[in-house]
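> Pasting data29.cif below, which is mmCIF, N, CA and C atoms.
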```
data_final
#
loop_
_atom_site.label_atom_id
_atom_site.label_comp_id
_atom_site.auth_asym_id
_atom_site.auth_seq_id
_atom_site.Cartn_x
_atom_site.Cartn_y
_atom_site.Cartn_z
N MET A 279 40.66 165.97 106.75
CA MET A 279 41.65 164.92 106.77
C MET A 279 42.58 165.07 107.96
N LEU A 280 43.06 166.31 108.18
CA LEU A 280 43.95 166.57 109.30
C LEU A 280 43.26 166.27 110.62
N ALA A 281 42.03 166.70 110.76
CA ALA A 281 41.29 166.47 112.01
C ALA A 281 41.09 164.99 112.26
N ALA A 282 40.78 164.24 111.23
CA ALA A 282 40.55 162.80 111.38
C ALA A 282 41.84 162.08 111.78
N ALA A 283 42.95 162.49 111.20
CA ALA A 283 44.21 161.82 111.48
C ALA A 283 44.73 162.17 112.86
N THR A 284 44.56 163.41 113.28
CA THR A 284 45.15 163.84 114.54
C THR A 284 44.27 163.57 115.74
N ALA A 285 42.98 163.44 115.56
CA ALA A 285 42.07 163.22 116.68
C ALA A 285 41.94 161.73 116.98
N GLY A 286 43.03 161.13 117.40
CA GLY A 286 42.99 159.72 117.74
C GLY A 286 42.84 158.83 116.54
N GLY A 287 43.20 159.33 115.38
CA GLY A 287 43.06 158.56 114.15
C GLY A 287 43.97 157.34 114.12
N SER A 288 43.66 156.47 113.21
CA SER A 288 44.43 155.24 113.05
C SER A 288 45.74 155.51 112.33
N VAL A 289 46.60 154.53 112.35
CA VAL A 289 47.86 154.63 111.61
C VAL A 289 47.57 154.83 110.13
N SER A 290 46.57 154.15 109.60
CA SER A 290 46.26 154.28 108.17
C SER A 290 45.78 155.70 107.84
N ALA A 291 45.02 156.33 108.75
CA ALA A 291 44.59 157.72 108.52
C ALA A 291 45.78 158.65 108.53
N ARG A 292 46.73 158.40 109.43
CA ARG A 292 47.94 159.24 109.49
C ARG A 292 48.80 159.02 108.25
N LEU A 293 48.89 157.79 107.79
CA LEU A 293 49.63 157.51 106.56
C LEU A 293 49.02 158.24 105.38
N GLU A 294 47.71 158.21 105.31
CA GLU A 294 47.01 158.90 104.23
C GLU A 294 47.30 160.40 104.28
N LEU A 295 47.30 160.97 105.47
CA LEU A 295 47.60 162.38 105.64
C LEU A 295 49.03 162.69 105.17
N LEU A 296 49.99 161.90 105.61
CA LEU A 296 51.38 162.12 105.23
C LEU A 296 51.58 161.97 103.73
N ASP A 297 50.94 160.97 103.14
CA ASP A 297 51.01 160.77 101.69
C ASP A 297 50.43 161.98 100.95
N HIS A 298 49.28 162.44 101.42
CA HIS A 298 48.62 163.59 100.79
C HIS A 298 49.51 164.83 100.87
N MET A 299 50.10 165.05 102.03
CA MET A 299 50.96 166.22 102.21
C MET A 299 52.19 166.14 101.31
N ARG A 300 52.77 164.95 101.19
CA ARG A 300 53.95 164.78 100.34
C ARG A 300 53.60 164.94 98.86
N LEU A 301 52.53 164.31 98.42
CA LEU A 301 52.16 164.35 97.01
C LEU A 301 51.73 165.73 96.55
N HIS A 302 51.17 166.51 97.46
CA HIS A 302 50.68 167.85 97.11
C HIS A 302 51.60 168.96 97.61
N SER A 303 52.80 168.59 98.04
CA SER A 303 53.82 169.54 98.51
C SER A 303 53.27 170.52 99.55
N ILE A 304 52.50 169.99 100.48
CA ILE A 304 51.97 170.80 101.58
C ILE A 304 53.03 170.85 102.68
N ARG A 305 53.50 172.05 102.97
CA ARG A 305 54.58 172.21 103.95
C ARG A 305 54.02 172.66 105.29
N GLN A 306 53.80 171.70 106.14
CA GLN A 306 53.44 171.95 107.53
C GLN A 306 54.31 171.02 108.37
N PRO A 307 55.59 171.41 108.54
CA PRO A 307 56.54 170.50 109.16
C PRO A 307 56.18 170.06 110.58
N ALA A 308 55.53 170.91 111.35
CA ALA A 308 55.15 170.51 112.71
C ALA A 308 54.14 169.36 112.68
N VAL A 309 53.22 169.42 111.73
CA VAL A 309 52.22 168.35 111.59
C VAL A 309 52.90 167.07 111.10
N VAL A 310 53.76 167.20 110.11
CA VAL A 310 54.47 166.03 109.58
C VAL A 310 55.32 165.38 110.67
N LEU A 311 56.01 166.19 111.44
CA LEU A 311 56.85 165.66 112.51
C LEU A 311 56.01 164.92 113.54
N ARG A 312 54.96 165.55 114.01
CA ARG A 312 54.12 164.94 115.05
C ARG A 312 53.46 163.66 114.55
N GLU A 313 52.79 163.74 113.41
CA GLU A 313 52.06 162.58 112.91
C GLU A 313 53.00 161.50 112.38
N GLY A 314 54.09 161.93 111.76
CA GLY A 314 55.06 160.96 111.26
C GLY A 314 55.72 160.17 112.37
N GLN A 315 56.06 160.84 113.45
CA GLN A 315 56.65 160.12 114.58
C GLN A 315 55.65 159.13 115.16
N ARG A 316 54.38 159.51 115.21
CA ARG A 316 53.35 158.57 115.69
C ARG A 316 53.26 157.35 114.78
N VAL A 317 53.29 157.59 113.49
CA VAL A 317 53.21 156.47 112.54
C VAL A 317 54.41 155.54 112.72
N LEU A 318 55.60 156.12 112.82
CA LEU A 318 56.79 155.30 112.96
C LEU A 318 56.78 154.52 114.27
N ARG A 319 56.28 155.14 115.31
CA ARG A 319 56.24 154.50 116.63
C ARG A 319 55.14 153.45 116.70
N GLU A 320 53.94 153.80 116.23
CA GLU A 320 52.78 152.91 116.38
C GLU A 320 52.62 151.93 115.22
N GLY A 321 53.13 152.29 114.05
CA GLY A 321 52.95 151.46 112.87
C GLY A 321 53.81 150.21 112.89
N GLY A 322 54.97 150.33 113.50
CA GLY A 322 55.87 149.18 113.55
C GLY A 322 56.51 148.92 112.21
N ALA A 323 57.74 148.46 112.25
CA ALA A 323 58.51 148.22 111.03
C ALA A 323 57.83 147.19 110.14
N PHE A 324 57.24 146.16 110.73
CA PHE A 324 56.64 145.09 109.94
C PHE A 324 55.42 145.58 109.17
N SER A 325 54.52 146.28 109.84
CA SER A 325 53.28 146.68 109.17
C SER A 325 53.50 147.81 108.16
N LEU A 326 54.52 148.64 108.38
CA LEU A 326 54.79 149.72 107.42
C LEU A 326 55.56 149.22 106.20
N GLY A 327 56.32 148.17 106.37
CA GLY A 327 57.12 147.64 105.27
C GLY A 327 58.10 148.67 104.75
N GLU A 328 58.26 148.71 103.45
CA GLU A 328 59.21 149.64 102.83
C GLU A 328 58.76 151.09 102.90
N ARG A 329 57.48 151.33 103.17
CA ARG A 329 57.00 152.71 103.32
C ARG A 329 57.67 153.41 104.49
N ARG A 330 58.17 152.60 105.42
CA ARG A 330 58.84 153.17 106.60
C ARG A 330 59.94 154.13 106.19
N TRP A 331 60.66 153.80 105.14
CA TRP A 331 61.81 154.61 104.75
C TRP A 331 61.39 155.93 104.12
N ASP A 332 60.32 155.93 103.34
CA ASP A 332 59.79 157.18 102.79
C ASP A 332 59.32 158.10 103.93
N ILE A 333 58.64 157.51 104.89
CA ILE A 333 58.13 158.28 106.01
C ILE A 333 59.29 158.81 106.85
N SER A 334 60.30 157.99 107.05
CA SER A 334 61.47 158.43 107.83
C SER A 334 62.14 159.63 107.19
N GLU A 335 62.28 159.60 105.86
CA GLU A 335 62.89 160.73 105.16
C GLU A 335 62.00 161.97 105.28
N GLN A 336 60.70 161.81 105.10
CA GLN A 336 59.76 162.93 105.20
C GLN A 336 59.81 163.54 106.59
N VAL A 337 59.84 162.71 107.62
CA VAL A 337 59.86 163.20 109.00
C VAL A 337 61.21 163.85 109.31
N ALA A 338 62.29 163.30 108.80
CA ALA A 338 63.61 163.90 109.03
C ALA A 338 63.67 165.30 108.45
N LEU A 339 63.15 165.48 107.26
CA LEU A 339 63.14 166.82 106.64
C LEU A 339 62.26 167.79 107.44
N ALA A 340 61.12 167.31 107.91
CA ALA A 340 60.24 168.15 108.74
C ALA A 340 60.94 168.51 110.05
N ALA A 341 61.64 167.54 110.62
CA ALA A 341 62.36 167.80 111.88
C ALA A 341 63.40 168.90 111.69
N LEU A 342 64.10 168.88 110.56
CA LEU A 342 65.07 169.94 110.28
C LEU A 342 64.37 171.29 110.16
N ASP A 343 63.21 171.31 109.54
CA ASP A 343 62.46 172.56 109.36
C ASP A 343 62.06 173.19 110.69
N VAL A 344 61.77 172.37 111.68
CA VAL A 344 61.31 172.92 112.97
C VAL A 344 62.42 172.95 114.02
N GLY A 345 63.63 172.57 113.62
CA GLY A 345 64.76 172.65 114.55
C GLY A 345 64.91 171.45 115.48
N ALA A 346 64.27 170.35 115.15
CA ALA A 346 64.41 169.12 115.94
C ALA A 346 65.57 168.31 115.36
N ASP A 347 66.78 168.87 115.48
CA ASP A 347 67.95 168.27 114.85
C ASP A 347 68.24 166.87 115.36
N ASP A 348 67.97 166.60 116.63
CA ASP A 348 68.22 165.27 117.18
C ASP A 348 67.35 164.21 116.52
N VAL A 349 66.10 164.55 116.26
CA VAL A 349 65.19 163.61 115.57
C VAL A 349 65.67 163.38 114.14
N ALA A 350 66.03 164.46 113.47
CA ALA A 350 66.52 164.35 112.09
C ALA A 350 67.76 163.47 112.02
N GLU A 351 68.68 163.68 112.95
CA GLU A 351 69.94 162.91 112.96
C GLU A 351 69.67 161.43 113.23
N GLN A 352 68.77 161.14 114.15
CA GLN A 352 68.44 159.74 114.45
C GLN A 352 67.86 159.05 113.21
N LEU A 353 66.93 159.72 112.54
CA LEU A 353 66.33 159.13 111.35
C LEU A 353 67.35 159.02 110.22
N ARG A 354 68.23 159.99 110.10
CA ARG A 354 69.27 159.93 109.09
C ARG A 354 70.17 158.71 109.32
N GLU A 355 70.52 158.46 110.58
CA GLU A 355 71.35 157.29 110.90
C GLU A 355 70.65 155.99 110.53
N GLU A 356 69.34 155.92 110.78
CA GLU A 356 68.58 154.72 110.41
C GLU A 356 68.56 154.55 108.89
N LEU A 357 68.37 155.64 108.17
CA LEU A 357 68.37 155.58 106.71
C LEU A 357 69.75 155.20 106.18
N GLU A 358 70.80 155.72 106.79
CA GLU A 358 72.17 155.38 106.37
C GLU A 358 72.44 153.90 106.59
N ALA A 359 71.95 153.36 107.70
CA ALA A 359 72.14 151.92 107.97
C ALA A 359 71.41 151.07 106.93
N LYS A 360 70.24 151.52 106.50
CA LYS A 360 69.46 150.76 105.51
C LYS A 360 69.99 150.95 104.09
N PHE A 361 70.44 152.18 103.78
CA PHE A 361 70.87 152.53 102.42
C PHE A 361 72.28 153.12 102.45
N PRO A 362 73.29 152.32 102.78
CA PRO A 362 74.65 152.88 102.85
C PRO A 362 75.11 153.40 101.49
N GLY A 363 75.70 154.58 101.50
CA GLY A 363 76.22 155.17 100.27
C GLY A 363 75.18 155.87 99.41
N SER A 364 73.93 155.91 99.85
CA SER A 364 72.87 156.54 99.06
C SER A 364 73.10 158.04 98.93
N GLN A 365 72.94 158.57 97.72
CA GLN A 365 73.08 160.01 97.50
C GLN A 365 72.00 160.79 98.24
N ARG A 366 70.81 160.23 98.33
CA ARG A 366 69.73 160.91 99.06
C ARG A 366 70.08 161.03 100.53
N VAL A 367 70.63 159.97 101.09
CA VAL A 367 71.01 160.00 102.50
C VAL A 367 72.18 160.95 102.71
N LYS A 368 73.11 160.99 101.76
CA LYS A 368 74.22 161.94 101.86
C LYS A 368 73.71 163.37 101.81
N HIS A 369 72.72 163.62 100.98
CA HIS A 369 72.11 164.94 100.91
C HIS A 369 71.46 165.30 102.25
N LEU A 370 70.76 164.34 102.83
CA LEU A 370 70.14 164.55 104.14
C LEU A 370 71.22 164.79 105.20
N GLU A 371 72.32 164.06 105.10
CA GLU A 371 73.42 164.26 106.05
C GLU A 371 73.97 165.68 105.95
N GLY A 372 74.12 166.18 104.73
CA GLY A 372 74.58 167.55 104.54
C GLY A 372 73.63 168.55 105.16
N MET A 373 72.33 168.31 105.01
CA MET A 373 71.34 169.22 105.60
C MET A 373 71.38 169.16 107.12
N CYS A 374 71.62 167.96 107.67
CA CYS A 374 71.75 167.83 109.13
C CYS A 374 72.98 168.58 109.63
N CYS A 375 74.09 168.43 108.91
CA CYS A 375 75.31 169.14 109.29
C CYS A 375 75.10 170.65 109.20
N GLU A 376 74.43 171.09 108.17
CA GLU A 376 74.16 172.51 108.01
C GLU A 376 73.30 173.03 109.16
N ALA A 377 72.27 172.27 109.54
CA ALA A 377 71.40 172.68 110.64
C ALA A 377 72.16 172.77 111.96
N GLN A 378 73.16 171.89 112.11
CA GLN A 378 73.96 171.88 113.33
C GLN A 378 75.20 172.77 113.22
N ARG A 379 75.27 173.51 112.12
CA ARG A 379 76.37 174.45 111.85
C ARG A 379 77.74 173.76 111.85
N LYS A 380 77.76 172.55 111.31
CA LYS A 380 79.02 171.82 111.14
C LYS A 380 79.52 172.10 109.72
N TRP A 381 80.06 173.30 109.54
CA TRP A 381 80.38 173.79 108.20
C TRP A 381 81.45 172.97 107.51
N THR A 382 82.44 172.47 108.24
CA THR A 382 83.48 171.67 107.60
C THR A 382 82.89 170.41 106.99
N GLU A 383 82.02 169.75 107.75
CA GLU A 383 81.39 168.53 107.24
C GLU A 383 80.52 168.83 106.03
N VAL A 384 79.82 169.97 106.06
CA VAL A 384 78.98 170.35 104.92
C VAL A 384 79.85 170.55 103.69
N SER A 385 80.97 171.26 103.85
CA SER A 385 81.85 171.52 102.71
C SER A 385 82.42 170.23 102.14
N VAL A 386 82.90 169.35 103.00
CA VAL A 386 83.47 168.08 102.54
C VAL A 386 82.39 167.24 101.88
N GLY A 387 81.21 167.18 102.50
CA GLY A 387 80.11 166.40 101.93
C GLY A 387 79.68 166.91 100.57
N CYS A 388 79.60 168.23 100.42
CA CYS A 388 79.23 168.82 99.13
C CYS A 388 80.29 168.50 98.08
N PHE A 389 81.55 168.60 98.48
CA PHE A 389 82.63 168.31 97.54
C PHE A 389 82.56 166.86 97.08
N LEU A 390 82.35 165.93 98.02
CA LEU A 390 82.28 164.51 97.66
C LEU A 390 81.08 164.21 96.77
N CYS A 391 79.94 164.84 97.08
CA CYS A 391 78.75 164.64 96.23
C CYS A 391 78.99 165.17 94.83
N LEU A 392 79.57 166.36 94.73
CA LEU A 392 79.85 166.93 93.41
C LEU A 392 80.86 166.09 92.65
N ALA A 393 81.86 165.59 93.35
CA ALA A 393 82.86 164.75 92.70
C ALA A 393 82.23 163.48 92.15
N SER A 394 81.31 162.88 92.93
CA SER A 394 80.69 161.65 92.45
C SER A 394 79.75 161.93 91.28
N ILE A 395 79.13 163.08 91.28
CA ILE A 395 78.25 163.45 90.17
C ILE A 395 79.05 163.74 88.92
N SER A 396 80.15 164.49 89.06
CA SER A 396 80.91 164.88 87.88
C SER A 396 81.65 163.71 87.25
N SER A 397 81.92 162.66 88.03
CA SER A 397 82.61 161.51 87.45
C SER A 397 81.65 160.53 86.78
N ALA A 398 80.36 160.71 87.01
CA ALA A 398 79.37 159.83 86.41
C ALA A 398 78.98 160.37 85.04
N PRO A 399 78.72 159.49 84.08
CA PRO A 399 78.28 159.97 82.77
C PRO A 399 76.92 160.65 82.87
N ILE A 400 76.68 161.58 81.97
CA ILE A 400 75.41 162.29 81.96
C ILE A 400 74.29 161.32 81.61
N HIS A 401 74.55 160.48 80.66
CA HIS A 401 73.58 159.46 80.26
C HIS A 401 74.38 158.20 79.95
N PRO A 402 73.94 157.06 80.42
CA PRO A 402 74.72 155.84 80.26
C PRO A 402 75.06 155.50 78.80
N THR A 403 74.24 155.91 77.86
CA THR A 403 74.51 155.57 76.47
C THR A 403 75.20 156.69 75.71
N GLN A 404 75.46 157.79 76.37
CA GLN A 404 76.05 158.94 75.71
C GLN A 404 77.58 158.95 75.92
N ASN A 405 78.33 158.99 74.83
CA ASN A 405 79.78 159.06 74.93
C ASN A 405 80.22 160.51 74.75
N LEU A 406 80.84 161.04 75.78
CA LEU A 406 81.28 162.43 75.73
C LEU A 406 82.81 162.48 75.59
N PRO A 407 83.34 163.46 74.87
CA PRO A 407 84.78 163.58 74.78
C PRO A 407 85.35 163.95 76.14
N PRO A 408 86.64 163.58 76.41
CA PRO A 408 87.24 163.89 77.73
C PRO A 408 87.43 165.37 77.95
#
```
For the structure just supplied, provide its representation as structure tokens.

Amino acid sequence: MLAAATAGGSVSARLELLDHMRLHSIRQPAVVLREGQRVLREGGAFSLGERRWDISEQVALAALDVGADDVAEQLREELEAKFPGSQRVKHLEGMCCEAQRKWTEVSVGCFLCLASISSAPIHPTQNLPP
């Protein structure tokens, strides 16, 4: 599968590879970064549709794993623009800050995420005493 996708394979072969790696928790961040960037570049926003955002998140995480902080930050910004206020994007932002050793931002981000979690009910139908 890897050979077919990387040896001049089509966007669909690369998508299949990325899906397989994600579904089976295969951690090869250099492969995900390389092939994911190709998919995002060659696939185009229209043909990828909403899958673009899953791939962007997967590639951003791989970029952090290999130290490509600039790529991760760019993808995080795109995800933030598409999903403002998303907890997943905030989590990714914290990981980007951590990778860039922006400890103050990490601390504030963690505090805000914890505050939003603790103020939310555990289950919408469950009434808990104060």
> Write out as a list in words which residues come within 6.5 Å of stretch 312-315 of chain A when counting all atoms listed in the file, dropping same-chain ones fewer than 6 positions away.
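Non-adjacent residues within range: Arg292, Ile333 and Val337 of chain A.
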> Just checking: using only C-alpha atoms, which residue out of A:Val310, A:Leu293, A:Ala346, A:Leu339 ends up closest to A:Val367?
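Ranking A:Val310, A:Leu293, A:Ala346, A:Leu339 by distance to A:Val367, first place goes to A:Leu339.
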> Box time for stretch 334-338 of chain A: axis-aligned, enclosing all its listed atoms, 3 Å extra on each side; report centre and edge lengths in Å to one decimal, as AutoDock Vina command-line options.

```
--center_x 61.7 --center_y 161.6 --center_z 107.2 --size_x 9.9 --size_y 13.3 --size_z 10.2
```
> Since I can't run it myself right now, could you work out what the PyMOL selection byres (((chain A and resi 354-359 and name CA) around 8) and name CA) selects here and report it as a VMD selection string?
chain A and resid 331 334 to 335 338 350 to 353 360 to 364 367 370 to 371
> Quick one, how far is atom CA of A:Leu318 from atom N of A:Arg379?
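It comes out at 26.0 Å.
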> Could you give me, as a list in words, the residues that sit within 6 Å of (60.1, 167.6, 113.3) in the file's coordinates, counting only C-alpha atoms?
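Looking at atoms near the point gives Ala308, Leu311, Ala340, Ala341, Val344 and Ala346 of chain A.
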> Have a look at atom CA of A:Asp297 and atom C of A:Asp332 and let me know their distance in Å, one decimal.
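About the pair atom CA of A:Asp297 and atom C of A:Asp332: they are 9.0 Å apart.
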> What is the distance between atom N of A:Ser290 and atom C of A:Arg366, in Å to one decimal?
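Taking atom N of A:Ser290 as the start and atom C of A:Arg366 as the end point, the length is 26.1 Å.
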> Which of these residues is nearest to A:Gln306, using only C-alpha atoms: A:Glu294, A:Glu320, A:Glu328, A:Asp343?
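Once distances to A:Gln306 are computed over only C-alpha atoms, the minimum belongs to A:Asp343.
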> Counting all atoms listed in the file, what is within 8 Å of A:Ala377, bar same-chain residues fewer than 4 positions away, as an MDAnalysis selection string?
chainID A and resid 342 345 347 371:373 381
> Determine the nearest neighbour of A:Val309 from the options A:Arg329, A:Leu296, A:Gly287, A:Gly321, counting all atoms listed in the file.
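So, comparing all the options, the nearest one is A:Leu296.
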> Could I see stretch 368-379 of chain A restored to all heavy atoms, set down as a short mmCIF file (atom, residue, chain, number, x, y, z; two decimals), in the coordinates of the input?

```
data_model
loop_
_atom_site.label_atom_id
_atom_site.label_comp_id
_atom_site.auth_asym_id
_atom_site.auth_seq_id
_atom_site.Cartn_x
_atom_site.Cartn_y
_atom_site.Cartn_z
N LYS A 368 73.11 160.99 101.76
CA LYS A 368 74.22 161.94 101.86
C LYS A 368 73.71 163.37 101.81
O LYS A 368 74.20 164.25 102.52
CB LYS A 368 75.24 161.69 100.75
CG LYS A 368 76.07 160.45 100.96
CD LYS A 368 77.05 160.24 99.84
CE LYS A 368 77.78 158.93 100.03
NZ LYS A 368 78.71 158.66 98.94
N HIS A 369 72.72 163.62 100.98
CA HIS A 369 72.11 164.94 100.91
C HIS A 369 71.46 165.30 102.25
O HIS A 369 71.63 166.41 102.76
CB HIS A 369 71.08 164.96 99.78
CG HIS A 369 70.49 166.30 99.53
ND1 HIS A 369 69.23 166.47 99.04
CD2 HIS A 369 70.97 167.55 99.71
CE1 HIS A 369 68.96 167.75 98.94
NE2 HIS A 369 70.00 168.43 99.35
N LEU A 370 70.76 164.34 102.83
CA LEU A 370 70.14 164.55 104.14
C LEU A 370 71.22 164.79 105.20
O LEU A 370 71.06 165.64 106.07
CB LEU A 370 69.26 163.35 104.50
CG LEU A 370 68.51 163.42 105.82
CD1 LEU A 370 67.59 164.62 105.88
CD2 LEU A 370 67.73 162.12 106.04
N GLU A 371 72.32 164.06 105.10
CA GLU A 371 73.42 164.26 106.05
C GLU A 371 73.97 165.68 105.95
O GLU A 371 74.23 166.33 106.96
CB GLU A 371 74.54 163.26 105.78
CG GLU A 371 75.71 163.40 106.71
CD GLU A 371 76.81 162.38 106.46
OE1 GLU A 371 76.78 161.71 105.41
OE2 GLU A 371 77.69 162.27 107.32
N GLY A 372 74.12 166.18 104.73
CA GLY A 372 74.58 167.55 104.54
C GLY A 372 73.63 168.55 105.16
O GLY A 372 74.05 169.53 105.79
N MET A 373 72.33 168.31 105.01
CA MET A 373 71.34 169.22 105.60
C MET A 373 71.38 169.16 107.12
O MET A 373 71.24 170.18 107.80
CB MET A 373 69.95 168.91 105.06
CG MET A 373 69.85 169.22 103.57
SD MET A 373 68.21 169.12 102.80
CE MET A 373 67.43 167.76 103.53
N CYS A 374 71.62 167.96 107.67
CA CYS A 374 71.75 167.83 109.13
C CYS A 374 72.98 168.58 109.63
O CYS A 374 72.92 169.29 110.64
CB CYS A 374 71.83 166.36 109.54
SG CYS A 374 70.28 165.44 109.42
N CYS A 375 74.09 168.43 108.91
CA CYS A 375 75.31 169.14 109.29
C CYS A 375 75.10 170.65 109.20
O CYS A 375 75.55 171.40 110.08
CB CYS A 375 76.48 168.72 108.41
SG CYS A 375 77.07 167.05 108.73
N GLU A 376 74.43 171.09 108.17
CA GLU A 376 74.16 172.51 108.01
C GLU A 376 73.30 173.03 109.16
O GLU A 376 73.57 174.09 109.73
CB GLU A 376 73.45 172.76 106.68
CG GLU A 376 73.16 174.22 106.40
CD GLU A 376 72.44 174.43 105.08
OE1 GLU A 376 71.89 173.47 104.52
OE2 GLU A 376 72.43 175.58 104.63
N ALA A 377 72.27 172.27 109.54
CA ALA A 377 71.40 172.68 110.64
C ALA A 377 72.16 172.77 111.96
O ALA A 377 71.88 173.62 112.80
CB ALA A 377 70.23 171.71 110.78
N GLN A 378 73.16 171.89 112.11
CA GLN A 378 73.96 171.88 113.33
C GLN A 378 75.20 172.77 113.22
O GLN A 378 76.03 172.79 114.10
CB GLN A 378 74.39 170.44 113.66
CG GLN A 378 73.21 169.53 113.92
CD GLN A 378 73.61 168.07 113.95
OE1 GLN A 378 74.77 167.71 114.05
NE2 GLN A 378 72.62 167.19 113.86
N ARG A 379 75.27 173.51 112.12
CA ARG A 379 76.37 174.45 111.85
C ARG A 379 77.74 173.76 111.85
O ARG A 379 78.73 174.32 112.30
CB ARG A 379 76.34 175.61 112.84
CG ARG A 379 75.07 176.40 112.77
CD ARG A 379 75.13 177.66 113.59
NE ARG A 379 73.88 178.38 113.62
CZ ARG A 379 73.39 179.12 112.64
NH1 ARG A 379 74.03 179.21 111.52
NH2 ARG A 379 72.25 179.75 112.75
#
```
